[in-house]
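What follows is the content of work.txt, which has compact mmCIF, C-alpha atoms:
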```
# COMPACT_ATOMS: atom_id res chain seq x y z
CA MET A 10 -61.56 10.27 17.00
CA THR A 11 -61.99 6.55 17.43
CA MET A 12 -59.34 4.33 18.97
CA GLN A 13 -58.94 2.54 15.63
CA ARG A 14 -58.13 5.78 13.76
CA ARG A 15 -55.65 6.93 16.44
CA SER A 16 -53.83 3.61 16.18
CA LEU A 17 -53.73 3.91 12.43
CA PHE A 18 -52.09 7.38 12.59
CA ARG A 19 -49.45 6.03 14.97
CA VAL A 20 -48.64 3.14 12.63
CA LEU A 21 -48.46 5.08 9.35
CA PRO A 22 -45.13 6.93 9.96
CA ALA A 23 -43.37 3.73 10.93
CA LEU A 24 -44.88 1.93 7.95
CA ALA A 25 -43.73 4.68 5.58
CA LEU A 26 -40.14 4.46 6.90
CA ALA A 27 -40.16 0.69 6.61
CA THR A 28 -41.34 0.73 3.01
CA CYS A 29 -38.49 3.10 2.09
CA GLY A 30 -36.07 0.30 2.95
CA PRO A 31 -32.65 0.44 4.62
CA GLY A 32 -31.26 2.87 2.03
CA LEU A 33 -33.10 5.85 3.50
CA ALA A 34 -32.01 5.06 7.03
CA PHE A 35 -28.42 4.67 5.82
CA ALA A 36 -28.55 7.92 3.85
CA GLU A 37 -29.77 9.75 6.92
CA ALA A 38 -26.88 8.46 9.03
CA ALA A 39 -24.24 11.14 9.50
CA TRP A 40 -20.81 10.54 7.96
CA PRO A 41 -18.26 10.44 9.46
CA ALA A 42 -19.63 8.72 12.53
CA ARG A 43 -16.21 8.10 14.13
CA PRO A 44 -12.52 8.99 13.70
CA ILE A 45 -11.08 8.62 10.21
CA ARG A 46 -7.91 6.66 9.45
CA LEU A 47 -5.69 8.14 6.73
CA ILE A 48 -3.21 5.52 5.52
CA VAL A 49 0.09 6.73 4.10
CA PRO A 50 1.76 3.76 2.35
CA PHE A 51 5.27 5.13 2.93
CA PRO A 52 7.31 5.87 6.07
CA PRO A 53 7.50 9.28 7.75
CA GLY A 54 9.83 11.88 6.28
CA GLY A 55 8.80 12.04 2.63
CA ALA A 56 6.57 14.37 0.65
CA ILE A 57 3.46 12.21 0.86
CA ASP A 58 3.70 11.90 4.65
CA ALA A 59 4.25 15.65 5.06
CA MET A 60 1.20 16.42 2.90
CA ALA A 61 -1.01 14.01 4.82
CA ARG A 62 0.01 15.54 8.16
CA LEU A 63 -0.66 19.07 6.90
CA LEU A 64 -4.08 18.07 5.57
CA ALA A 65 -5.22 15.97 8.54
CA PRO A 66 -5.99 18.74 11.08
CA VAL A 67 -7.72 20.88 8.45
CA LEU A 68 -9.91 17.96 7.39
CA ALA A 69 -10.64 17.08 11.01
CA SER A 70 -11.86 20.63 11.67
CA THR A 71 -14.17 20.50 8.66
CA LEU A 72 -15.52 17.00 9.25
CA GLY A 73 -15.88 17.19 13.03
CA GLN A 74 -13.94 13.96 13.62
CA PRO A 75 -10.22 13.29 14.22
CA VAL A 76 -8.20 12.29 11.14
CA VAL A 77 -5.40 9.97 12.24
CA VAL A 78 -2.42 9.45 9.93
CA GLU A 79 -1.16 5.86 9.87
CA ASN A 80 2.08 4.96 8.07
CA ARG A 81 2.01 1.48 6.49
CA ALA A 82 5.25 1.34 4.50
CA GLY A 83 6.75 -1.29 2.23
CA GLY A 84 6.55 -2.73 -1.25
CA GLY A 85 6.76 0.64 -3.00
CA GLY A 86 3.43 1.61 -1.45
CA THR A 87 1.64 -1.67 -2.12
CA ILE A 88 1.48 -2.90 1.49
CA GLY A 89 -0.37 0.14 2.80
CA THR A 90 -2.55 0.24 -0.30
CA ALA A 91 -3.53 -3.41 0.20
CA ALA A 92 -4.42 -2.65 3.83
CA ALA A 93 -6.69 0.17 2.69
CA ALA A 94 -8.31 -1.98 0.01
CA GLN A 95 -9.13 -4.64 2.60
CA SER A 96 -10.68 -2.14 5.01
CA THR A 97 -14.43 -2.46 5.54
CA ASP A 98 -15.08 0.24 8.13
CA ALA A 99 -16.11 2.97 5.63
CA HIS A 100 -13.86 5.37 7.57
CA THR A 101 -10.48 4.68 5.95
CA LEU A 102 -8.76 6.95 3.43
CA LEU A 103 -5.57 6.48 1.42
CA MET A 104 -2.96 9.01 0.30
CA VAL A 105 -1.30 7.89 -2.92
CA SER A 106 1.52 8.99 -5.14
CA MET A 107 1.90 8.32 -8.83
CA ALA A 108 3.26 4.92 -7.77
CA HIS A 109 -0.39 3.89 -7.43
CA ALA A 110 -0.72 4.09 -11.22
CA VAL A 111 2.64 2.43 -11.86
CA ASN A 112 2.64 -0.54 -9.51
CA PRO A 113 0.07 -2.58 -11.50
CA ALA A 114 2.50 -2.56 -14.45
CA LEU A 115 5.47 -3.50 -12.27
CA SER A 116 3.61 -6.13 -10.24
CA PRO A 117 0.71 -7.64 -12.22
CA HIS A 118 -0.38 -9.89 -9.33
CA LEU A 119 -1.14 -7.28 -6.68
CA PRO A 120 -3.75 -8.28 -4.05
CA TYR A 121 -5.96 -5.36 -5.11
CA ASP A 122 -7.11 -3.54 -8.24
CA GLY A 123 -5.91 0.05 -8.17
CA LEU A 124 -8.99 1.28 -10.05
CA ARG A 125 -11.82 -1.08 -9.15
CA ASP A 126 -11.13 -1.32 -5.39
CA PHE A 127 -10.97 2.43 -4.76
CA VAL A 128 -12.98 5.59 -5.35
CA ALA A 129 -11.38 8.92 -6.17
CA VAL A 130 -11.66 11.65 -3.55
CA ALA A 131 -9.55 14.54 -4.88
CA PRO A 132 -6.12 15.37 -6.33
CA VAL A 133 -3.82 17.06 -3.81
CA ALA A 134 -0.52 18.37 -5.17
CA VAL A 135 2.48 18.01 -7.44
CA VAL A 136 5.88 17.83 -5.76
CA PRO A 137 8.89 18.21 -8.08
CA ASN A 138 11.71 15.69 -8.01
CA LEU A 139 15.32 16.81 -8.27
CA LEU A 140 18.43 15.06 -9.52
CA VAL A 141 20.70 15.44 -6.49
CA VAL A 142 24.24 14.27 -5.75
CA PRO A 143 26.43 14.40 -2.61
CA ARG A 144 28.50 17.55 -2.13
CA GLY A 145 31.67 15.56 -2.75
CA SER A 146 30.50 14.37 -6.15
CA PRO A 147 32.55 15.54 -9.14
CA TRP A 148 29.40 16.03 -11.25
CA GLU A 149 28.08 19.54 -11.81
CA SER A 150 25.42 18.81 -14.43
CA PRO A 151 23.31 15.98 -15.88
CA ALA A 152 25.74 15.90 -18.81
CA ASP A 153 28.54 15.01 -16.38
CA VAL A 154 26.46 12.12 -15.00
CA ILE A 155 25.70 10.85 -18.50
CA ALA A 156 29.35 11.01 -19.53
CA ALA A 157 30.44 9.12 -16.41
CA ALA A 158 27.77 6.47 -16.98
CA HIS A 159 28.88 5.95 -20.56
CA HIS A 160 32.41 5.24 -19.32
CA ASN A 161 31.19 2.94 -16.52
CA PRO A 162 28.04 1.10 -17.64
CA GLY A 163 26.03 -0.26 -14.71
CA VAL A 164 28.50 1.02 -12.11
CA LEU A 165 26.75 4.27 -11.14
CA THR A 166 23.92 3.86 -8.63
CA TYR A 167 20.77 5.82 -7.87
CA ALA A 168 18.71 5.46 -4.70
CA SER A 169 14.93 5.51 -4.47
CA ALA A 170 12.17 5.27 -1.88
CA GLY A 171 11.13 1.91 -3.36
CA SER A 172 10.26 0.24 -6.65
CA GLY A 173 7.52 2.05 -8.54
CA THR A 174 7.91 5.35 -6.72
CA SER A 175 8.34 8.57 -8.67
CA ILE A 176 11.98 8.57 -7.52
CA HIS A 177 12.57 5.16 -9.11
CA LEU A 178 10.70 6.06 -12.30
CA ALA A 179 12.52 9.39 -12.63
CA GLY A 180 15.84 7.55 -12.60
CA ALA A 181 14.68 4.81 -14.96
CA LEU A 182 13.33 7.38 -17.42
CA PHE A 183 16.59 9.38 -17.20
CA ALA A 184 18.64 6.26 -17.95
CA ALA A 185 16.41 5.18 -20.83
CA LEU A 186 16.27 8.57 -22.55
CA SER A 187 20.00 9.17 -22.01
CA ARG A 188 20.84 5.66 -23.27
CA ILE A 189 22.90 4.82 -20.22
CA GLU A 190 22.89 1.98 -17.70
CA LEU A 191 22.40 2.84 -14.01
CA THR A 192 21.91 0.50 -11.06
CA HIS A 193 18.75 1.10 -9.03
CA VAL A 194 19.04 0.74 -5.23
CA PRO A 195 15.56 0.77 -3.62
CA TYR A 196 15.02 1.68 0.03
CA LYS A 197 11.96 1.70 2.28
CA GLY A 198 11.33 5.41 2.03
CA SER A 199 13.23 8.60 1.23
CA GLY A 200 14.76 8.95 4.70
CA PRO A 201 17.07 5.91 4.62
CA ALA A 202 17.87 6.53 0.95
CA LEU A 203 18.97 10.10 1.71
CA SER A 204 21.10 8.91 4.61
CA ASP A 205 23.12 6.72 2.26
CA LEU A 206 23.23 9.39 -0.43
CA VAL A 207 24.75 12.12 1.76
CA THR A 208 27.45 9.71 2.93
CA GLY A 209 28.27 8.67 -0.64
CA ARG A 210 27.13 5.06 -0.43
CA VAL A 211 25.04 5.70 -3.55
CA ASP A 212 25.86 8.13 -6.33
CA MET A 213 22.65 10.04 -6.97
CA MET A 214 18.93 10.27 -6.32
CA PHE A 215 15.90 11.81 -7.98
CA ASP A 216 14.39 12.86 -4.66
CA SER A 217 11.35 15.00 -3.94
CA LEU A 218 12.00 18.65 -3.17
CA THR A 219 10.29 18.12 0.19
CA SER A 220 12.77 15.63 1.60
CA ALA A 221 15.86 16.94 -0.22
CA ALA A 222 15.39 20.60 0.77
CA PRO A 223 17.06 20.42 4.24
CA GLN A 224 20.10 18.65 2.80
CA LEU A 225 20.32 21.18 -0.03
CA ALA A 226 20.09 24.05 2.44
CA SER A 227 22.87 22.56 4.56
CA GLY A 228 25.11 22.03 1.53
CA ARG A 229 25.29 18.27 1.97
CA LEU A 230 23.58 17.73 -1.38
CA ARG A 231 23.77 19.54 -4.71
CA ALA A 232 20.87 19.77 -7.16
CA LEU A 233 21.67 19.36 -10.86
CA ALA A 234 18.20 19.57 -12.46
CA VAL A 235 14.47 19.24 -11.86
CA THR A 236 12.39 16.41 -13.38
CA THR A 237 9.27 18.45 -14.11
CA SER A 238 8.08 19.77 -17.45
CA ARG A 239 8.84 23.35 -16.40
CA ARG A 240 11.09 25.12 -13.92
CA ILE A 241 9.83 25.42 -10.37
CA ALA A 242 9.19 28.52 -8.29
CA ALA A 243 11.27 27.25 -5.35
CA LEU A 244 14.44 26.94 -7.48
CA PRO A 245 13.87 29.08 -10.58
CA ARG A 246 17.52 28.94 -11.73
CA LEU A 247 17.61 25.15 -11.73
CA PRO A 248 17.11 23.78 -15.28
CA THR A 249 14.73 21.02 -16.18
CA LEU A 250 16.32 17.79 -17.36
CA ALA A 251 14.96 18.51 -20.84
CA GLU A 252 16.69 21.91 -20.80
CA ALA A 253 19.85 20.19 -19.59
CA GLY A 254 19.97 18.04 -22.69
CA VAL A 255 17.75 14.99 -21.99
CA ALA A 256 15.33 15.42 -24.88
CA GLY A 257 11.72 14.50 -24.19
CA TYR A 258 12.17 14.23 -20.42
CA ALA A 259 9.24 15.32 -18.23
CA LEU A 260 7.97 13.76 -15.01
CA ASP A 261 5.54 15.66 -12.76
CA PRO A 262 4.99 13.58 -9.60
CA TRP A 263 1.40 13.92 -8.36
CA PHE A 264 -0.23 12.99 -5.07
CA ALA A 265 -3.91 12.38 -4.38
CA MET A 266 -6.45 11.04 -1.91
CA LEU A 267 -8.49 7.89 -2.48
CA ALA A 268 -10.83 5.77 -0.38
CA PRO A 269 -11.75 2.09 -0.43
CA ALA A 270 -14.76 1.32 -2.60
CA ASP A 271 -16.95 0.78 0.48
CA LEU A 272 -16.97 4.51 1.26
CA PRO A 273 -20.62 5.58 1.06
CA PRO A 274 -21.50 8.18 -1.60
CA GLU A 275 -22.17 10.79 1.06
CA GLY A 276 -18.72 10.14 2.50
CA GLN A 277 -17.12 10.58 -0.91
CA ARG A 278 -18.98 13.87 -1.46
CA ARG A 279 -18.04 15.20 1.97
CA MET A 280 -14.40 14.20 1.59
CA GLU A 281 -14.15 15.71 -1.88
CA ALA A 282 -15.58 18.99 -0.60
CA ALA A 283 -13.32 18.91 2.47
CA VAL A 284 -10.12 18.31 0.48
CA THR A 285 -10.85 20.81 -2.29
CA GLY A 286 -11.90 23.36 0.30
CA ALA A 287 -8.73 22.81 2.31
CA LEU A 288 -6.58 23.32 -0.78
CA ARG A 289 -8.16 26.74 -1.30
CA ASP A 290 -7.15 27.85 2.20
CA PRO A 291 -4.28 30.38 1.96
CA VAL A 292 -2.71 29.16 5.20
CA LEU A 293 -2.55 25.55 4.02
CA ARG A 294 -1.32 26.62 0.59
CA ASP A 295 1.55 28.49 2.23
CA ARG A 296 2.41 25.44 4.29
CA LEU A 297 2.34 23.22 1.22
CA ALA A 298 4.60 25.70 -0.58
CA GLY A 299 6.96 25.36 2.36
CA ILE A 300 7.48 21.68 1.52
CA GLY A 301 7.67 22.33 -2.23
CA ALA A 302 4.14 21.14 -3.02
CA GLU A 303 2.01 22.87 -5.64
CA PRO A 304 -1.76 22.27 -5.05
CA MET A 305 -3.70 20.69 -7.89
CA ASP A 306 -7.10 21.78 -9.16
CA GLY A 307 -10.11 19.54 -9.68
CA GLY A 308 -12.15 17.03 -7.73
CA ALA A 309 -13.13 13.36 -7.77
CA GLU A 310 -14.08 13.28 -11.44
CA SER A 311 -10.81 14.79 -12.67
CA LEU A 312 -8.82 12.53 -10.36
CA ASP A 313 -10.63 9.46 -11.68
CA ARG A 314 -9.64 10.47 -15.23
CA LEU A 315 -6.05 11.08 -14.14
CA LEU A 316 -5.80 7.66 -12.49
CA ARG A 317 -7.08 5.88 -15.58
CA GLN A 318 -4.87 7.86 -17.95
CA GLU A 319 -1.74 7.43 -15.83
CA THR A 320 -2.35 3.71 -15.27
CA ALA A 321 -2.58 3.18 -19.03
CA ARG A 322 0.40 5.46 -19.74
CA TRP A 323 2.74 3.77 -17.29
CA LYS A 324 1.69 0.32 -18.42
CA ASP A 325 3.02 1.26 -21.85
CA LEU A 326 6.13 3.06 -20.54
CA VAL A 327 7.13 0.25 -18.19
CA ARG A 328 7.02 -2.15 -21.13
CA GLU A 329 8.72 0.18 -23.62
CA LEU A 330 11.52 1.21 -21.22
CA SER A 331 11.92 -2.29 -19.72
CA ILE A 332 11.50 -0.90 -16.18
CA ARG A 333 11.61 -3.71 -13.64
CA PRO A 334 10.87 -3.89 -9.89
CA ASP A 335 14.01 -4.39 -7.78
```
As structure tokens, please, write out the structure in this file.
Amino acid sequence: MTMQRRSLFRVLPALALATCGPGLAFAEAAWPARPIRLIVPFPPGGAIDAMARLLAPVLASTLGQPVVVENRAGGGGTIGTAAAAQSTDAHTLLMVSMAHAVNPALSPHLPYDGLRDFVAVAPVAVVPNLLVVPRGSPWESPADVIAAAHHNPGVLTYASAGSGTSIHLAGALFAALSRIELTHVPYKGSGPALSDLVTGRVDMMFDSLTSAAPQLASGRLRALAVTTSRRIAALPRLPTLAEAGVAGYALDPWFAMLAPADLPPEGQRRMEAAVTGALRDPVLRDRLAGIGAEPMDGGAESLDRLLRQETARWKDLVRELSIRPD
């Protein structure tokens, strides 16, 4: 073989790689290449934080990289969501609640677009909300609350984990459908809201089962009804608000995982498979049941549809019910 031919054979492989462009080299790069940051846009102590911390070690085991939960609370979830949207490291994920679909209607000038700036990874779970009151409250049913509100318009208060959260929306929907006036008191997360509820500084709350459960077990709070469209396995004797007389009431708070739009396609595929696989694990399902979470079916495609449907639905409901950020 001549020297010229040997040189040609050495050059051809490199030439072939070069002509394929940077896309091939990028596609061949393993993802994830470093630890993954999972932003939770609410403080520790609530349902979304508990879910993220249950998922993180399972995902880390599957992906071969640490998954670090980072709480970035404030603005009803918008501060942490904005931080995720501005991330450019291709290794950031975002846990969201239904507030992600509601906040654009409450705050039209957000620094991000909830649909365009993110890609769907997978739905995670539904966590029921409960209408709860302090143990010293005279109310034993939603009908008692409605009657008291009719006699004292605007005097009764309900706490929430922030404007736009499922807790806020559950209360606003209850007031609108019951034709009563309640005063919304937003907090930065469920923890501080519960603290004021158990001491009687606020009258009621539509809290998640996850964060309310310890207070219910201790007797410091009393549950009057569940917000969901059907009764829940954890409290089968507790009526839905619709059963309790609030016609048309149904709110099923969902939680899901997104990623900034810069996540490479391979990263989206791996994350979707990791999350859906984790949710099939019996051990994780038992742990989710322990915090009142019911795993959701589906993957990125079904989540994308849900986000678009819910964003449109809540845009209409916020306008029709005159729900305002506080």
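The closest residue to Ser116 in chain A, picked from A:Gly84, A:Leu312, A:Val284, A:Gly301 and counting only C-alpha atoms, is A:Gly84.
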Quick one: residues within 10 Å of Met107 in chain A, all atoms listed in the file, excluding same-chain residues fewer than 4 positions away - as an MDAnalysis selection string? chainID A and resid 111:112 135 173:175 178 261:265 315:316 319:320 323
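With distances restricted to only C-alpha atoms, A:Arg229 is the closest residue to Thr208 in chain A from A:Arg188, A:Arg229, A:Arg278, A:Arg239.
Residue neighbourhood of His193 in chain A, excluding near-sequence residues (fewer than 2 positions): Leu165, Thr166, Tyr167, Ala168, Ser169, Ser172, His177, Gly180, Ala181, Leu191, Pro195 and Asp335 of chain A, at 9 Å, using all atoms listed in the file.
Each of A:Ser331, A:Gln277, A:Thr101, A:Ser220 was compared to Val141 in chain A using only C-alpha atoms, and A:Ser220 turns out to be the nearest.
The space separating CA of Ala110 in chain A from CA of Asp126 in chain A comes to 13.1 Å.
Distance annotation: of A:Arg231, A:Ala179, A:Ala251, A:Ala243, the residue with the minimal separation from Ile332 in chain A is A:Ala179; atom set is all atoms listed in the file.
Minimum atom-to-atom distance to Trp40 in chain A, evaluated using only C-alpha atoms, belongs to A:Gln74 out of A:Gln74, A:Thr236, A:Asn80, A:Asn138.
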Could you tell me how far CA of Gly83 in chain A lies from CA of Phe51 in chain A, in Å and to one decimal? 6.6 Å
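CA of Ala134 in chain A lies 5.8 Å from CA of Ala302 in chain A.
Among A:Val76, A:Met266, A:Ile176, A:Leu326, the residue with the shortest atom-to-atom distance to Met104 in chain A, counting only C-alpha atoms, is A:Met266.
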Set the distance at 10 Å and use all atoms listed in the file: which residues neighbour Val255 in chain A once local chain neighbours fewer than 6 positions away are removed? I'd like the list as a ChimeraX atom specification. /A:151-152,155,182-188,249
Some atoms are missing, so please complete range 99-110 of chain A with all heavy atoms and return it as a PDB file, in the frame of the given file.
```pdb
ATOM      1  N   ALA A  99     -15.554   1.776   6.280  1.00  0.00           N
ATOM      2  CA  ALA A  99     -16.110   2.970   5.630  1.00  0.00           C
ATOM      3  C   ALA A  99     -15.577   4.270   6.236  1.00  0.00           C
ATOM      4  O   ALA A  99     -16.143   5.329   6.014  1.00  0.00           O
ATOM      5  CB  ALA A  99     -17.640   2.969   5.681  1.00  0.00           C
ATOM      6  N   HIS A 100     -14.480   4.173   6.981  1.00  0.00           N
ATOM      7  CA  HIS A 100     -13.860   5.370   7.570  1.00  0.00           C
ATOM      8  C   HIS A 100     -12.344   5.336   7.387  1.00  0.00           C
ATOM      9  O   HIS A 100     -11.595   5.830   8.233  1.00  0.00           O
ATOM     10  CB  HIS A 100     -14.215   5.465   9.064  1.00  0.00           C
ATOM     11  CG  HIS A 100     -15.611   5.967   9.309  1.00  0.00           C
ATOM     12  ND1 HIS A 100     -16.721   5.209   9.063  1.00  0.00           N
ATOM     13  CD2 HIS A 100     -16.067   7.175   9.752  1.00  0.00           C
ATOM     14  CE1 HIS A 100     -17.812   5.899   9.365  1.00  0.00           C
ATOM     15  NE2 HIS A 100     -17.440   7.093   9.774  1.00  0.00           N
ATOM     16  N   THR A 101     -11.903   4.744   6.281  1.00  0.00           N
ATOM     17  CA  THR A 101     -10.480   4.680   5.950  1.00  0.00           C
ATOM     18  C   THR A 101     -10.238   5.436   4.648  1.00  0.00           C
ATOM     19  O   THR A 101     -11.008   5.299   3.687  1.00  0.00           O
ATOM     20  CB  THR A 101     -10.013   3.224   5.801  1.00  0.00           C
ATOM     21  OG1 THR A 101     -10.093   2.581   7.080  1.00  0.00           O
ATOM     22  CG2 THR A 101      -8.582   3.147   5.293  1.00  0.00           C
ATOM     23  N   LEU A 102      -9.176   6.227   4.629  1.00  0.00           N
ATOM     24  CA  LEU A 102      -8.760   6.950   3.430  1.00  0.00           C
ATOM     25  C   LEU A 102      -7.330   6.537   3.084  1.00  0.00           C
ATOM     26  O   LEU A 102      -6.633   5.959   3.919  1.00  0.00           O
ATOM     27  CB  LEU A 102      -8.816   8.459   3.665  1.00  0.00           C
ATOM     28  CG  LEU A 102     -10.163   9.041   4.088  1.00  0.00           C
ATOM     29  CD1 LEU A 102     -10.005  10.510   4.467  1.00  0.00           C
ATOM     30  CD2 LEU A 102     -11.186   8.880   2.974  1.00  0.00           C
ATOM     31  N   LEU A 103      -6.897   6.864   1.871  1.00  0.00           N
ATOM     32  CA  LEU A 103      -5.570   6.480   1.420  1.00  0.00           C
ATOM     33  C   LEU A 103      -4.939   7.622   0.640  1.00  0.00           C
ATOM     34  O   LEU A 103      -5.512   8.117  -0.325  1.00  0.00           O
ATOM     35  CB  LEU A 103      -5.655   5.238   0.514  1.00  0.00           C
ATOM     36  CG  LEU A 103      -4.362   4.761  -0.136  1.00  0.00           C
ATOM     37  CD1 LEU A 103      -3.403   4.195   0.910  1.00  0.00           C
ATOM     38  CD2 LEU A 103      -4.659   3.713  -1.214  1.00  0.00           C
ATOM     39  N   MET A 104      -3.756   8.062   1.084  1.00  0.00           N
ATOM     40  CA  MET A 104      -2.960   9.010   0.300  1.00  0.00           C
ATOM     41  C   MET A 104      -2.112   8.201  -0.670  1.00  0.00           C
ATOM     42  O   MET A 104      -1.493   7.207  -0.278  1.00  0.00           O
ATOM     43  CB  MET A 104      -2.045   9.838   1.204  1.00  0.00           C
ATOM     44  CG  MET A 104      -2.730  11.008   1.888  1.00  0.00           C
ATOM     45  SD  MET A 104      -3.194  12.360   0.783  1.00  0.00           S
ATOM     46  CE  MET A 104      -1.587  12.988   0.286  1.00  0.00           C
ATOM     47  N   VAL A 105      -2.096   8.616  -1.929  1.00  0.00           N
ATOM     48  CA  VAL A 105      -1.300   7.890  -2.920  1.00  0.00           C
ATOM     49  C   VAL A 105      -0.404   8.849  -3.690  1.00  0.00           C
ATOM     50  O   VAL A 105      -0.682  10.047  -3.791  1.00  0.00           O
ATOM     51  CB  VAL A 105      -2.196   7.119  -3.929  1.00  0.00           C
ATOM     52  CG1 VAL A 105      -3.012   6.061  -3.226  1.00  0.00           C
ATOM     53  CG2 VAL A 105      -3.092   8.072  -4.725  1.00  0.00           C
ATOM     54  N   SER A 106       0.657   8.283  -4.214  1.00  0.00           N
ATOM     55  CA  SER A 106       1.520   8.990  -5.140  1.00  0.00           C
ATOM     56  C   SER A 106       1.296   8.407  -6.531  1.00  0.00           C
ATOM     57  O   SER A 106       0.470   7.499  -6.708  1.00  0.00           O
ATOM     58  CB  SER A 106       2.992   8.811  -4.742  1.00  0.00           C
ATOM     59  OG  SER A 106       3.375   7.456  -4.930  1.00  0.00           O
ATOM     60  N   MET A 107       2.037   8.873  -7.495  1.00  0.00           N
ATOM     61  CA  MET A 107       1.900   8.320  -8.830  1.00  0.00           C
ATOM     62  C   MET A 107       2.271   6.838  -8.883  1.00  0.00           C
ATOM     63  O   MET A 107       1.908   6.135  -9.829  1.00  0.00           O
ATOM     64  CB  MET A 107       2.745   9.113  -9.829  1.00  0.00           C
ATOM     65  CG  MET A 107       4.234   9.074  -9.585  1.00  0.00           C
ATOM     66  SD  MET A 107       5.153  10.061 -10.788  1.00  0.00           S
ATOM     67  CE  MET A 107       4.916   9.069 -12.257  1.00  0.00           C
ATOM     68  N   ALA A 108       2.940   6.351  -7.846  1.00  0.00           N
ATOM     69  CA  ALA A 108       3.260   4.920  -7.770  1.00  0.00           C
ATOM     70  C   ALA A 108       1.994   4.073  -7.838  1.00  0.00           C
ATOM     71  O   ALA A 108       2.035   2.921  -8.290  1.00  0.00           O
ATOM     72  CB  ALA A 108       4.028   4.619  -6.488  1.00  0.00           C
ATOM     73  N   HIS A 109       0.870   4.629  -7.398  1.00  0.00           N
ATOM     74  CA  HIS A 109      -0.390   3.890  -7.430  1.00  0.00           C
ATOM     75  C   HIS A 109      -0.760   3.503  -8.861  1.00  0.00           C
ATOM     76  O   HIS A 109      -1.349   2.435  -9.090  1.00  0.00           O
ATOM     77  CB  HIS A 109      -1.502   4.740  -6.812  1.00  0.00           C
ATOM     78  CG  HIS A 109      -2.801   4.017  -6.644  1.00  0.00           C
ATOM     79  ND1 HIS A 109      -3.040   3.150  -5.597  1.00  0.00           N
ATOM     80  CD2 HIS A 109      -3.932   4.015  -7.402  1.00  0.00           C
ATOM     81  CE1 HIS A 109      -4.260   2.662  -5.705  1.00  0.00           C
ATOM     82  NE2 HIS A 109      -4.827   3.161  -6.794  1.00  0.00           N
ATOM     83  N   ALA A 110      -0.412   4.364  -9.814  1.00  0.00           N
ATOM     84  CA  ALA A 110      -0.720   4.090 -11.220  1.00  0.00           C
ATOM     85  C   ALA A 110       0.352   3.238 -11.896  1.00  0.00           C
ATOM     86  O   ALA A 110       0.115   2.685 -12.967  1.00  0.00           O
ATOM     87  CB  ALA A 110      -0.892   5.408 -11.984  1.00  0.00           C
TER      88      ALA A 110
END
```
